[in-house]
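*Asks:* There's a structure below that I have some questions on.
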Amino acid sequence: GAGVSQSPSNKVTEKGKDVELRCDPISGHTALYWYRQSLGQGLEFLIYFQGNSAPDKSGLPSDRFSAERTGGSVSTLTIQRTQQEDSAVYLCASSPASFRDIGELFFGEGSRLTVL
Amino acid sequence: QKEVEQNSGPLSVPEGAIASLNCTYSDRVSQSFFWYRQYSGKSPELIMSIYSNGDKEDGRFTAQLNKASQYVSLLIRDSQPSDSATYLCAVKGNYGQNFVFGPGTRLSVLP
C-alpha cells in the first residue's frame, strides 16, 4: 500500500525480553517519527529522524530504548529488557518535509505492545 | 519546552450543532498547526493544516489561527455522530523541529 506500514500490529512479550518494532514510511518521505500512546493518553514523542541528520532522541524515556533508520527509509525501534510500563501503542509517522520545509505528518496503524 | 494545551472534554454537542475545539501553544516561533482526528483504537488522521493567521475552510471544518494570541481552533459545522472522536492539536516549528501534540479533546456528538 501507499501508507506508513508498521509491524507487528500486536506483540505480547514477557517482562525482560527485547522487542523490535518496524516502520516502513511512505516512499519519498524524508522525516520519520516515533510516538508512544498509552491507553487513554496523548501522544508521547520518542524520536525523530530527518534525512541524514543526527536523530532527535530527546523523547526516549530510558537507555533501554533505541532506534535506527537504515538507508533513510525503514526504521526499527528496539526496546531492551521490557517492563510492564512499556505496554502501549507505538505509532510511527512520516512526513515529506525537508529540514526547512513544513510538512504534514501521516501515521501508520501502530504496533500494540503488551508486556506481561 | 514547547507545550500544547487542549480541554480534555468530553465535549458533548447535539447532532447538527457546531462543535468548537480550542488549542493554545506556548512557543511563539511555532509556524505550522494541525488538527488530527483519532477514533478509539485507531491511529490519528489529518483533518486540517493551517499556517497563516485567519480562517481556513474545508467542507464542514474550519480552522482558525491567531498567532498573536497563540491560539488555534477547529470548528465542525453540522456535527454528525460519526464526528465523535478525540481531536488532537499539533504544533511544529521550522528548521527540523518535531511535532508537539496536545492531549486531545474528546468530542461526543449526540444523535
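By convention here, the chains of the C-alpha cells are called A, B, ... in the order presented, each chain's residues are numbered starting at 1, and ligands are numbered starting at 1 in the order presented.
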Using only C-alpha atoms, determine which residues of chain A fall within 10 Å of chain B; present them as JSON, numbers by chain.

*Replies:* {"A": [31, 32, 33, 37, 39, 40, 41, 42, 43, 44, 45, 47, 48, 49, 50, 51, 53, 56, 89, 90, 91, 92, 93, 97, 98, 99, 100, 101, 102, 103, 104, 105, 106, 107, 108, 109, 110]}

*Asks:* Emit the selected residues as a compact mmCIF listing (two decimals), in the first residue's frame, including N, CA, C and O atoms.

*Replies:*
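Okay, result.txt is ready:
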# COMPACT_ATOMS: atom_id res chain seq x y z
N ALA A 31 11.26 12.55 6.57
CA ALA A 31 11.18 12.63 8.03
C ALA A 31 10.38 11.46 8.57
O ALA A 31 9.37 11.05 7.99
N LEU A 32 10.87 10.90 9.68
CA LEU A 32 10.20 9.75 10.30
C LEU A 32 10.19 9.98 11.80
O LEU A 32 11.20 10.36 12.39
N TYR A 33 9.03 9.73 12.41
CA TYR A 33 8.82 9.97 13.84
C TYR A 33 8.30 8.70 14.51
O TYR A 33 7.54 7.94 13.91
N GLN A 37 1.74 5.88 22.70
CA GLN A 37 0.45 6.28 23.25
C GLN A 37 -0.03 5.20 24.22
O GLN A 37 -0.39 4.10 23.80
N LEU A 39 -2.78 3.75 27.03
CA LEU A 39 -4.23 3.69 26.99
C LEU A 39 -4.85 4.95 27.57
O LEU A 39 -4.57 5.34 28.70
N GLY A 40 -5.68 5.62 26.76
CA GLY A 40 -6.37 6.82 27.21
C GLY A 40 -5.52 8.06 27.33
O GLY A 40 -5.99 9.08 27.84
N GLN A 41 -4.28 7.97 26.86
CA GLN A 41 -3.37 9.10 26.99
C GLN A 41 -3.06 9.74 25.65
O GLN A 41 -3.46 9.23 24.60
N GLY A 42 -2.35 10.87 25.68
CA GLY A 42 -1.95 11.54 24.47
C GLY A 42 -0.73 10.92 23.84
O GLY A 42 -0.24 9.88 24.27
N LEU A 43 -0.23 11.55 22.80
CA LEU A 43 0.94 11.07 22.09
C LEU A 43 2.22 11.55 22.78
O LEU A 43 2.38 12.75 23.02
N GLU A 44 3.09 10.62 23.06
CA GLU A 44 4.38 10.94 23.68
C GLU A 44 5.47 10.80 22.63
O GLU A 44 5.70 9.71 22.10
N PHE A 45 6.15 11.89 22.32
CA PHE A 45 7.22 11.89 21.33
C PHE A 45 8.39 11.04 21.82
O PHE A 45 8.81 11.13 22.99
N ILE A 47 11.30 9.78 19.21
CA ILE A 47 12.49 10.06 18.42
C ILE A 47 12.08 10.52 17.04
O ILE A 47 11.00 10.18 16.55
N TYR A 48 12.96 11.28 16.40
CA TYR A 48 12.67 11.90 15.10
C TYR A 48 13.90 11.81 14.22
O TYR A 48 15.00 12.19 14.64
N PHE A 49 13.72 11.30 13.00
CA PHE A 49 14.78 11.24 12.00
C PHE A 49 14.46 12.22 10.87
O PHE A 49 13.32 12.25 10.39
N GLN A 50 15.43 12.98 10.45
CA GLN A 50 15.26 13.89 9.32
C GLN A 50 16.42 13.68 8.36
O GLN A 50 17.55 14.10 8.64
N GLY A 51 16.15 13.03 7.25
CA GLY A 51 17.16 12.81 6.25
C GLY A 51 18.39 12.15 6.84
O GLY A 51 18.31 11.16 7.56
N SER A 53 20.48 13.75 8.85
CA SER A 53 20.88 14.46 10.07
C SER A 53 20.84 13.52 11.27
O SER A 53 20.17 12.49 11.26
N ASP A 56 16.85 13.25 16.54
CA ASP A 56 16.47 13.91 17.79
C ASP A 56 15.95 12.83 18.73
O ASP A 56 14.83 12.35 18.55
N VAL A 89 0.71 1.59 22.65
CA VAL A 89 0.72 1.53 21.19
C VAL A 89 1.85 2.43 20.71
O VAL A 89 1.95 3.59 21.10
N TYR A 90 2.71 1.86 19.89
CA TYR A 90 3.84 2.61 19.34
C TYR A 90 3.49 3.02 17.92
O TYR A 90 3.26 2.16 17.05
N LEU A 91 3.42 4.30 17.71
CA LEU A 91 3.00 4.86 16.43
C LEU A 91 4.19 5.43 15.67
O LEU A 91 5.00 6.17 16.23
N CYS A 92 4.25 5.09 14.41
CA CYS A 92 5.26 5.65 13.52
C CYS A 92 4.56 6.59 12.55
O CYS A 92 3.41 6.35 12.14
N ALA A 93 5.22 7.67 12.20
CA ALA A 93 4.66 8.62 11.25
C ALA A 93 5.76 9.13 10.34
O ALA A 93 6.93 9.20 10.75
N ALA A 97 8.42 16.53 4.53
CA ALA A 97 9.14 17.78 4.72
C ALA A 97 10.64 17.57 4.72
O ALA A 97 11.14 16.62 5.31
N SER A 98 11.34 18.48 4.10
CA SER A 98 12.79 18.54 4.26
C SER A 98 13.08 19.38 5.49
O SER A 98 12.17 19.85 6.15
N PHE A 99 14.34 19.58 5.78
CA PHE A 99 14.73 20.21 7.04
C PHE A 99 14.08 21.58 7.23
O PHE A 99 13.71 21.96 8.32
N ARG A 100 13.96 22.32 6.13
CA ARG A 100 13.48 23.69 6.28
C ARG A 100 12.03 23.87 5.83
O ARG A 100 11.49 24.96 5.85
N ASP A 101 11.40 22.79 5.42
CA ASP A 101 10.04 22.91 4.92
C ASP A 101 9.03 22.50 5.98
O ASP A 101 9.36 21.87 6.96
N ILE A 102 7.82 22.82 5.70
CA ILE A 102 6.71 22.44 6.57
C ILE A 102 5.99 21.28 5.91
O ILE A 102 5.67 21.34 4.74
N GLY A 103 5.79 20.22 6.62
CA GLY A 103 5.10 19.07 6.03
C GLY A 103 4.15 18.45 6.99
O GLY A 103 4.30 18.54 8.20
N GLU A 104 3.16 17.81 6.46
CA GLU A 104 2.15 17.16 7.28
C GLU A 104 2.63 15.76 7.67
O GLU A 104 3.41 15.13 6.97
N LEU A 105 2.10 15.29 8.77
CA LEU A 105 2.52 14.02 9.34
C LEU A 105 1.46 12.97 9.05
O LEU A 105 0.27 13.21 9.26
N PHE A 106 1.91 11.80 8.59
CA PHE A 106 0.99 10.71 8.28
C PHE A 106 1.37 9.50 9.14
O PHE A 106 2.52 9.07 9.13
N PHE A 107 0.38 8.95 9.81
CA PHE A 107 0.61 7.89 10.77
C PHE A 107 0.36 6.50 10.20
O PHE A 107 -0.52 6.32 9.35
N GLY A 108 1.12 5.53 10.71
CA GLY A 108 0.80 4.13 10.50
C GLY A 108 -0.27 3.70 11.48
O GLY A 108 -0.74 4.49 12.31
N GLU A 109 -0.65 2.42 11.41
CA GLU A 109 -1.72 1.89 12.25
C GLU A 109 -1.23 1.55 13.65
O GLU A 109 -2.02 1.26 14.53
N GLY A 110 0.07 1.57 13.86
CA GLY A 110 0.60 1.35 15.19
C GLY A 110 0.94 -0.11 15.48
O GLY A 110 0.43 -1.03 14.84

*Asks:* Apply DSSP to the structure's backbone, then extract all residues of chain A labelled strand (DSSP E) and return them as an MDAnalysis selection string.

*Replies:* chainID A and resid 5:7 10:13 19:24 31:37 44:50 65:69 75:79 88:95 106:107 111:115

*Asks:* For region 76-84 of chain A, list every protein, DNA or RNA residue within 7 Å, evaluated using only C-alpha atoms, and leave out those in the same chain fewer than 3 positions away; present the list as a PyMOL selection string.

*Replies:* chain A and resi 15-23+64-69+87+115-116

*Asks:* Rounded to one decimal, what separation in Å do you get between CA of Pro14 (chain B) and CA of Ser69 (chain B)?

*Replies:*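 Here the two named atoms are 29.2 Å from each other.
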
*Asks:* What is the CA of Pro96 (chain A) to CA of Gly3 (chain A) distance in Å?

*Replies:* 12.3 Å

*Asks:* Any idea what the distance is between CA of Tyr87 (chain B) and CA of Gln38 (chain B)?

*Replies:*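 These atoms are spaced 6.2 Å apart.
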
*Asks:* Would you pick out the contacts of Ile50 (chain B) at 10 Å or less, using only C-alpha atoms, so that residues sharing its chain but fewer than 3 positions from it are not included, and give the list as JSON, numbers by chain?

*Replies:* {"B": [31, 32, 33, 34, 35, 53, 54, 55, 56, 57, 62, 63, 64, 65, 72]}

*Asks:* Got a sec: who's within 12 Å of Ala68 (chain B), counting only C-alpha atoms, leaving out chain neighbours fewer than 2 positions off, as a PDB file with N, CA and C atoms, in the first residue's frame?

*Replies:*
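Final output, around.pdb:
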ATOM      1  N   THR B  24      -4.223  25.984  22.677  1.00  0.00           N
ATOM      2  CA  THR B  24      -3.247  27.053  22.884  1.00  0.00           C
ATOM      3  C   THR B  24      -1.862  26.451  22.920  1.00  0.00           C
ATOM      4  N   TYR B  25      -0.862  27.252  22.537  1.00  0.00           N
ATOM      5  CA  TYR B  25       0.509  26.750  22.500  1.00  0.00           C
ATOM      6  C   TYR B  25       1.438  27.803  23.092  1.00  0.00           C
ATOM      7  N   SER B  26       2.567  27.331  23.579  1.00  0.00           N
ATOM      8  CA  SER B  26       3.442  28.220  24.339  1.00  0.00           C
ATOM      9  C   SER B  26       4.589  28.797  23.526  1.00  0.00           C
ATOM     10  N   ASP B  27       4.998  28.134  22.450  1.00  0.00           N
ATOM     11  CA  ASP B  27       6.189  28.544  21.716  1.00  0.00           C
ATOM     12  C   ASP B  27       5.838  29.509  20.589  1.00  0.00           C
ATOM     13  N   ARG B  28       6.281  30.754  20.742  1.00  0.00           N
ATOM     14  CA  ARG B  28       5.906  31.798  19.780  1.00  0.00           C
ATOM     15  C   ARG B  28       6.492  31.568  18.391  1.00  0.00           C
ATOM     16  N   VAL B  29       7.548  30.744  18.280  1.00  0.00           N
ATOM     17  CA  VAL B  29       8.151  30.548  16.968  1.00  0.00           C
ATOM     18  C   VAL B  29       7.468  29.436  16.185  1.00  0.00           C
ATOM     19  N   SER B  30       6.431  28.850  16.760  1.00  0.00           N
ATOM     20  CA  SER B  30       5.690  27.807  16.052  1.00  0.00           C
ATOM     21  C   SER B  30       5.135  28.355  14.754  1.00  0.00           C
ATOM     22  N   SER B  52      -1.194  30.262   8.274  1.00  0.00           N
ATOM     23  CA  SER B  52      -1.301  31.717   8.309  1.00  0.00           C
ATOM     24  C   SER B  52      -2.454  32.133   9.203  1.00  0.00           C
ATOM     25  N   ASN B  53      -2.345  33.317   9.768  1.00  0.00           N
ATOM     26  CA  ASN B  53      -3.431  33.846  10.578  1.00  0.00           C
ATOM     27  C   ASN B  53      -4.727  33.915   9.782  1.00  0.00           C
ATOM     28  N   GLY B  54      -5.834  33.665  10.474  1.00  0.00           N
ATOM     29  CA  GLY B  54      -7.129  33.748   9.827  1.00  0.00           C
ATOM     30  C   GLY B  54      -7.830  32.409   9.811  1.00  0.00           C
ATOM     31  N   LEU B  65      -6.629  30.443  13.123  1.00  0.00           N
ATOM     32  CA  LEU B  65      -5.319  30.637  13.737  1.00  0.00           C
ATOM     33  C   LEU B  65      -5.131  32.095  14.115  1.00  0.00           C
ATOM     34  N   ASN B  66      -4.668  32.327  15.332  1.00  0.00           N
ATOM     35  CA  ASN B  66      -4.319  33.654  15.814  1.00  0.00           C
ATOM     36  C   ASN B  66      -2.956  33.545  16.490  1.00  0.00           C
ATOM     37  N   GLN B  70      -1.592  33.094  20.259  1.00  0.00           N
ATOM     38  CA  GLN B  70      -1.079  31.719  20.365  1.00  0.00           C
ATOM     39  C   GLN B  70      -2.240  30.758  20.559  1.00  0.00           C
ATOM     40  N   TYR B  71      -3.158  30.817  19.616  1.00  0.00           N
ATOM     41  CA  TYR B  71      -4.432  30.128  19.740  1.00  0.00           C
ATOM     42  C   TYR B  71      -4.822  29.592  18.380  1.00  0.00           C
ATOM     43  N   VAL B  72      -5.255  28.324  18.360  1.00  0.00           N
ATOM     44  CA  VAL B  72      -5.765  27.737  17.129  1.00  0.00           C
ATOM     45  C   VAL B  72      -7.025  26.959  17.485  1.00  0.00           C
TER      46      VAL B  72
END
